[in-house]
Structure formats: C-alpha cells, structure tokens
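Each remark here refers to the structure printed beneath this line.
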Amino acid sequence: MGNIYSAQNVAAFFIYELNERKQFVNADALQYLLAEVESLWNEHYGHSAFSEEKANFIENPYIIKEVYETYKEYGQQHIELPAKEWYLEYGQFQLVYRTIGLPAFTAEEKLLMNIIMNKFPKSILKKVS
C-alpha cells in the first residue's frame, strides 16, 4: 500500500539525490522521472503516486503540470536546488521562503525510488545515442 505524495516533493527528492550523485537533472529529466514513479506506483500499488492531476506525455511536454511550470524557467539547464515556496506555520505571523520539502518515503518506497534513480543514467544515455 503505497502512499500518495505531492509531485513537487518527489521532484525535490530527485533534485537533491541526483545532485548528490553528481548527475545532471533538468526540467525534462524531472518529468521523465515523475512518469517513471507514476508507472511503478501503478504497477506495485495499483494507484497513482501523486495527489496532482496527471497528464499524458504524448499530448503534453509534462506529466505533472505544476512541476513543469515550476521548473520550466530552467529549460535545459542543470537544477541545483529545488524551487522555493512560501510557508506559514500555524500560529505564526511571518512567512518563510524555503525550498520545497522532501517526502517521507517508507522503506519499500525508497527501494522503488532507488530502482528509478539507478535506471535513470542508462535511459538518458539511450536517448542521447
């Protein structure tokens, strides 16, 4: 039984992890990775991985529109940090501008995410060659 996450948080996870592995990640790569997550989640858990509405890659340049709009300004450039968002804790009076947080994956979900990230460099090389 996999959890449902915000695609923005999953994208932030990929940005941090791929930068830590010294791998290139741009807006297009994020959409590809989100499509892989969606596919694996449907295969393993029988439901969507994301709370946002999904699109079709064939008809659109994205699978999650909100993530596409957040990172489209980067174009083909490398993304070093996740986007920032305004955050206001309950009972606080000051808005904080912070990077988008990471999801709290279960151990099984982390294994699926590692499968996707280990497959990612190979699939990018296939596209390029």
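Just remember, in the structure tokens the first chain shown is A, the second B, etc., residues are 1-based per chain, and ligands are 1-based in the order shown.
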Check the DSSP output for the backbone and give back, as number ranges by chain, the residues of segment 20-115 of chain A in helix (DSSP H, G or I).
A: 20, 27-45, 65-74, 107-115
Could you save the residues just selected, with N, CA and C atoms, as a tab-separated table (two decimals), in the first residue's frame?
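Contents of the output file part_21.tsv:
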chain	number	residue	atom	x	y	z
A	20	GLU	N	23.50	14.94	-5.42
A	20	GLU	CA	24.41	14.24	-4.52
A	20	GLU	C	25.21	13.17	-5.27
A	27	ALA	N	14.63	20.19	-16.18
A	27	ALA	CA	13.17	20.15	-16.14
A	27	ALA	C	12.62	18.94	-16.90
A	28	ASP	N	13.22	18.62	-18.05
A	28	ASP	CA	12.76	17.46	-18.82
A	28	ASP	C	13.03	16.16	-18.07
A	29	ALA	N	14.19	16.06	-17.46
A	29	ALA	CA	14.54	14.86	-16.71
A	29	ALA	C	13.57	14.65	-15.54
A	30	LEU	N	13.18	15.73	-14.90
A	30	LEU	CA	12.21	15.62	-13.79
A	30	LEU	C	10.90	15.02	-14.27
A	31	GLN	N	10.43	15.46	-15.43
A	31	GLN	CA	9.17	14.93	-15.96
A	31	GLN	C	9.30	13.45	-16.30
A	32	TYR	N	10.44	13.08	-16.86
A	32	TYR	CA	10.70	11.67	-17.17
A	32	TYR	C	10.69	10.84	-15.88
A	33	LEU	N	11.37	11.33	-14.84
A	33	LEU	CA	11.44	10.61	-13.57
A	33	LEU	C	10.07	10.50	-12.91
A	34	LEU	N	9.27	11.58	-12.98
A	34	LEU	CA	7.93	11.53	-12.42
A	34	LEU	C	7.05	10.52	-13.16
A	35	ALA	N	7.24	10.43	-14.46
A	35	ALA	CA	6.49	9.44	-15.25
A	35	ALA	C	6.88	8.02	-14.83
A	36	GLU	N	8.17	7.82	-14.55
A	36	GLU	CA	8.64	6.51	-14.08
A	36	GLU	C	8.04	6.18	-12.71
A	37	VAL	N	8.00	7.15	-11.82
A	37	VAL	CA	7.40	6.94	-10.50
A	37	VAL	C	5.93	6.57	-10.65
A	38	GLU	N	5.23	7.30	-11.48
A	38	GLU	CA	3.80	7.03	-11.69
A	38	GLU	C	3.60	5.61	-12.22
A	39	SER	N	4.43	5.21	-13.15
A	39	SER	CA	4.33	3.88	-13.73
A	39	SER	C	4.60	2.78	-12.68
A	40	LEU	N	5.67	2.94	-11.92
A	40	LEU	CA	6.00	1.94	-10.89
A	40	LEU	C	4.95	1.88	-9.79
A	41	TRP	N	4.43	3.04	-9.39
A	41	TRP	CA	3.41	3.07	-8.34
A	41	TRP	C	2.15	2.33	-8.83
A	42	ASN	N	1.74	2.58	-10.06
A	42	ASN	CA	0.58	1.88	-10.59
A	42	ASN	C	0.82	0.38	-10.67
A	43	GLU	N	2.02	0.00	-11.05
A	43	GLU	CA	2.37	-1.41	-11.17
A	43	GLU	C	2.39	-2.11	-9.81
A	44	HIS	N	3.01	-1.48	-8.81
A	44	HIS	CA	3.18	-2.11	-7.50
A	44	HIS	C	1.98	-1.93	-6.56
A	45	TYR	N	1.38	-0.75	-6.60
A	45	TYR	CA	0.34	-0.45	-5.62
A	45	TYR	C	-1.07	-0.34	-6.21
A	65	LYS	N	1.70	19.06	-14.43
A	65	LYS	CA	1.76	20.44	-14.90
A	65	LYS	C	2.39	21.39	-13.88
A	66	GLU	N	2.07	21.21	-12.60
A	66	GLU	CA	2.59	22.11	-11.57
A	66	GLU	C	4.12	22.06	-11.50
A	67	VAL	N	4.68	20.86	-11.62
A	67	VAL	CA	6.14	20.72	-11.59
A	67	VAL	C	6.73	21.33	-12.87
A	68	TYR	N	6.08	21.09	-13.99
A	68	TYR	CA	6.54	21.65	-15.26
A	68	TYR	C	6.61	23.17	-15.18
A	69	GLU	N	5.56	23.80	-14.66
A	69	GLU	CA	5.52	25.26	-14.56
A	69	GLU	C	6.54	25.79	-13.56
A	70	THR	N	6.81	25.04	-12.51
A	70	THR	CA	7.79	25.47	-11.51
A	70	THR	C	9.20	25.50	-12.08
A	71	TYR	N	9.55	24.49	-12.91
A	71	TYR	CA	10.93	24.34	-13.37
A	71	TYR	C	11.15	24.68	-14.83
A	72	LYS	N	10.12	25.11	-15.56
A	72	LYS	CA	10.30	25.38	-16.99
A	72	LYS	C	11.26	26.54	-17.25
A	73	GLU	N	11.41	27.45	-16.29
A	73	GLU	CA	12.34	28.57	-16.47
A	73	GLU	C	13.79	28.10	-16.55
A	74	TYR	N	14.09	26.91	-16.01
A	74	TYR	CA	15.44	26.36	-16.09
A	74	TYR	C	15.75	25.83	-17.48
A	107	ALA	N	10.26	2.33	3.66
A	107	ALA	CA	11.42	1.55	3.20
A	107	ALA	C	11.16	0.95	1.82
A	108	GLU	N	9.96	0.42	1.61
A	108	GLU	CA	9.62	-0.18	0.32
A	108	GLU	C	9.59	0.88	-0.79
A	109	GLU	N	9.05	2.05	-0.48
A	109	GLU	CA	9.01	3.14	-1.46
A	109	GLU	C	10.41	3.64	-1.80
A	110	LYS	N	11.30	3.67	-0.80
A	110	LYS	CA	12.69	4.08	-1.05
A	110	LYS	C	13.37	3.12	-2.02
A	111	LEU	N	13.06	1.83	-1.88
A	111	LEU	CA	13.63	0.85	-2.81
A	111	LEU	C	13.17	1.13	-4.23
A	112	LEU	N	11.89	1.44	-4.40
A	112	LEU	CA	11.37	1.77	-5.73
A	112	LEU	C	12.04	3.03	-6.29
A	113	MET	N	12.23	4.03	-5.45
A	113	MET	CA	12.87	5.27	-5.88
A	113	MET	C	14.32	4.99	-6.30
A	114	ASN	N	15.01	4.12	-5.57
A	114	ASN	CA	16.39	3.77	-5.94
A	114	ASN	C	16.43	3.02	-7.26
A	115	ILE	N	15.45	2.17	-7.52
A	115	ILE	CA	15.37	1.48	-8.81
A	115	ILE	C	15.27	2.51	-9.94
Env of Asn19 of chain A: 12 Å cut, atoms = only C-alpha atoms, seq-sep filter 3 positions within chain, self excluded. Answer as a PyMOL selection string.
chain A and resi 12-16+22-26+78-82+117
Mind the document's chain letters and residue numbers, and return as a PyMOL selection string the residues of segment 22-129 of chain A that DSSP labels strand (DSSP E or B).
chain A and resi 50+54+64+84-87+96-99
Serialized selection, all heavy atoms, as an mmCIF file, in the first residue's frame:
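New file result_16.cif:
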data_model
loop_
_atom_site.group_PDB
_atom_site.id
_atom_site.type_symbol
_atom_site.label_atom_id
_atom_site.label_comp_id
_atom_site.auth_asym_id
_atom_site.auth_seq_id
_atom_site.Cartn_x
_atom_site.Cartn_y
_atom_site.Cartn_z
ATOM 1 N N PHE A 50 0.802 10.401 -7.132
ATOM 2 C CA PHE A 50 0.721 11.838 -6.918
ATOM 3 C C PHE A 50 -0.690 12.326 -6.615
ATOM 4 O O PHE A 50 -1.671 11.806 -7.155
ATOM 5 C CB PHE A 50 1.256 12.575 -8.151
ATOM 6 C CG PHE A 50 2.632 12.123 -8.549
ATOM 7 C CD1 PHE A 50 2.859 11.532 -9.784
ATOM 8 C CD2 PHE A 50 3.695 12.259 -7.679
ATOM 9 C CE1 PHE A 50 4.120 11.105 -10.144
ATOM 10 C CE2 PHE A 50 4.968 11.826 -8.037
ATOM 11 C CZ PHE A 50 5.183 11.249 -9.266
ATOM 12 N N LYS A 54 -2.649 14.153 -13.351
ATOM 13 C CA LYS A 54 -1.634 13.703 -14.297
ATOM 14 C C LYS A 54 -2.044 14.032 -15.724
ATOM 15 O O LYS A 54 -3.217 14.099 -16.042
ATOM 16 C CB LYS A 54 -1.445 12.182 -14.198
ATOM 17 C CG LYS A 54 -0.462 11.729 -13.172
ATOM 18 C CD LYS A 54 -0.875 11.888 -11.740
ATOM 19 C CE LYS A 54 -2.123 11.137 -11.360
ATOM 20 N NZ LYS A 54 -2.759 11.641 -10.163
ATOM 21 N N ILE A 64 3.201 16.144 -14.910
ATOM 22 C CA ILE A 64 2.612 16.922 -13.811
ATOM 23 C C ILE A 64 2.794 18.396 -14.144
ATOM 24 O O ILE A 64 3.910 18.918 -14.137
ATOM 25 C CB ILE A 64 3.277 16.594 -12.457
ATOM 26 C CG1 ILE A 64 3.227 15.094 -12.156
ATOM 27 C CG2 ILE A 64 2.644 17.407 -11.341
ATOM 28 C CD1 ILE A 64 1.848 14.541 -11.865
ATOM 29 N N LYS A 84 11.676 27.155 -4.435
ATOM 30 C CA LYS A 84 11.286 27.635 -3.109
ATOM 31 C C LYS A 84 9.807 27.964 -3.095
ATOM 32 O O LYS A 84 9.212 28.267 -4.123
ATOM 33 C CB LYS A 84 12.106 28.868 -2.728
ATOM 34 C CG LYS A 84 13.569 28.545 -2.539
ATOM 35 C CD LYS A 84 14.331 29.723 -2.037
ATOM 36 C CE LYS A 84 15.771 29.337 -1.769
ATOM 37 N NZ LYS A 84 16.522 30.388 -1.141
ATOM 38 N N GLU A 85 9.237 27.883 -1.919
ATOM 39 C CA GLU A 85 7.825 28.210 -1.746
ATOM 40 C C GLU A 85 7.658 28.990 -0.444
ATOM 41 O O GLU A 85 8.477 28.902 0.461
ATOM 42 C CB GLU A 85 6.982 26.935 -1.718
ATOM 43 C CG GLU A 85 7.285 26.034 -0.532
ATOM 44 C CD GLU A 85 6.495 24.744 -0.518
ATOM 45 O OE1 GLU A 85 5.565 24.611 -1.329
ATOM 46 O OE2 GLU A 85 6.809 23.878 0.299
ATOM 47 N N TRP A 86 6.599 29.753 -0.396
ATOM 48 C CA TRP A 86 6.279 30.469 0.834
ATOM 49 C C TRP A 86 5.625 29.504 1.798
ATOM 50 O O TRP A 86 4.813 28.675 1.408
ATOM 51 C CB TRP A 86 5.333 31.633 0.553
ATOM 52 C CG TRP A 86 6.008 32.753 -0.157
ATOM 53 C CD1 TRP A 86 5.897 33.080 -1.472
ATOM 54 C CD2 TRP A 86 6.914 33.699 0.406
ATOM 55 N NE1 TRP A 86 6.680 34.160 -1.774
ATOM 56 C CE2 TRP A 86 7.314 34.565 -0.625
ATOM 57 C CE3 TRP A 86 7.434 33.898 1.680
ATOM 58 C CZ2 TRP A 86 8.203 35.617 -0.415
ATOM 59 C CZ3 TRP A 86 8.322 34.943 1.881
ATOM 60 C CH2 TRP A 86 8.686 35.784 0.834
ATOM 61 N N TYR A 87 5.973 29.606 3.074
ATOM 62 C CA TYR A 87 5.452 28.684 4.080
ATOM 63 C C TYR A 87 5.089 29.479 5.327
ATOM 64 O O TYR A 87 5.849 30.335 5.773
ATOM 65 C CB TYR A 87 6.515 27.635 4.428
ATOM 66 C CG TYR A 87 6.089 26.676 5.496
ATOM 67 C CD1 TYR A 87 5.177 25.667 5.229
ATOM 68 C CD2 TYR A 87 6.602 26.793 6.784
ATOM 69 C CE1 TYR A 87 4.787 24.781 6.219
ATOM 70 C CE2 TYR A 87 6.219 25.910 7.778
ATOM 71 C CZ TYR A 87 5.318 24.900 7.482
ATOM 72 O OH TYR A 87 4.926 24.038 8.464
ATOM 73 N N VAL A 96 7.850 32.359 5.608
ATOM 74 C CA VAL A 96 9.227 31.908 5.401
ATOM 75 C C VAL A 96 9.335 31.413 3.969
ATOM 76 O O VAL A 96 8.466 30.709 3.476
ATOM 77 C CB VAL A 96 9.568 30.763 6.383
ATOM 78 C CG1 VAL A 96 10.976 30.248 6.146
ATOM 79 C CG2 VAL A 96 9.389 31.214 7.817
ATOM 80 N N TYR A 97 10.397 31.800 3.297
ATOM 81 C CA TYR A 97 10.653 31.383 1.921
ATOM 82 C C TYR A 97 11.671 30.261 1.983
ATOM 83 O O TYR A 97 12.837 30.481 2.277
ATOM 84 C CB TYR A 97 11.195 32.577 1.129
ATOM 85 C CG TYR A 97 11.161 32.427 -0.363
ATOM 86 C CD1 TYR A 97 10.011 32.034 -1.035
ATOM 87 C CD2 TYR A 97 12.290 32.706 -1.120
ATOM 88 C CE1 TYR A 97 9.989 31.929 -2.415
ATOM 89 C CE2 TYR A 97 12.273 32.611 -2.498
ATOM 90 C CZ TYR A 97 11.119 32.213 -3.141
ATOM 91 O OH TYR A 97 11.088 32.105 -4.505
ATOM 92 N N ARG A 98 11.242 29.020 1.752
ATOM 93 C CA ARG A 98 12.129 27.873 1.904
ATOM 94 C C ARG A 98 11.985 26.919 0.731
ATOM 95 O O ARG A 98 10.984 26.941 0.019
ATOM 96 C CB ARG A 98 11.844 27.145 3.211
ATOM 97 C CG ARG A 98 10.471 26.519 3.221
ATOM 98 C CD ARG A 98 10.224 25.774 4.473
ATOM 99 N NE ARG A 98 9.027 24.946 4.267
ATOM 100 C CZ ARG A 98 8.518 24.168 5.144
ATOM 101 N NH1 ARG A 98 9.067 24.077 6.322
ATOM 102 N NH2 ARG A 98 7.446 23.456 4.887
ATOM 103 N N THR A 99 12.984 26.062 0.575
ATOM 104 C CA THR A 99 12.914 25.088 -0.508
ATOM 105 C C THR A 99 11.823 24.065 -0.212
ATOM 106 O O THR A 99 11.482 23.813 0.937
ATOM 107 C CB THR A 99 14.267 24.357 -0.691
ATOM 108 O OG1 THR A 99 14.638 23.772 0.541
ATOM 109 C CG2 THR A 99 15.344 25.287 -1.173
#
Length of the atom CA of Ser48 of chain A to atom CA of Ala7 of chain A vector [Å]
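Distance between the two atoms: 10.8 Å.
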Distance of atom CA of Ile58 of chain A from atom CA of Asn3 of chain A, expressed in Å to one decimal place
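Those two atoms sit 26.2 Å apart.
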Find the residue from A:Glu17, A:Ile4, A:Ala11, A:Pro61 that sits nearest to Asn118 of chain A; use only C-alpha atoms when measuring.
A:Glu17
Please measure the separation of atom CA of Gly2 of chain A and atom CA of Leu18 of chain A, giving the value in Å to one decimal.
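Going from atom CA of Gly2 of chain A over to atom CA of Leu18 of chain A, I get 22.6 Å.
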Across A:Arg21, A:Gly91, A:Tyr5, A:Gly75, the smallest distance to Glu53 of chain A, with only C-alpha atoms counted, is shown by A:Tyr5
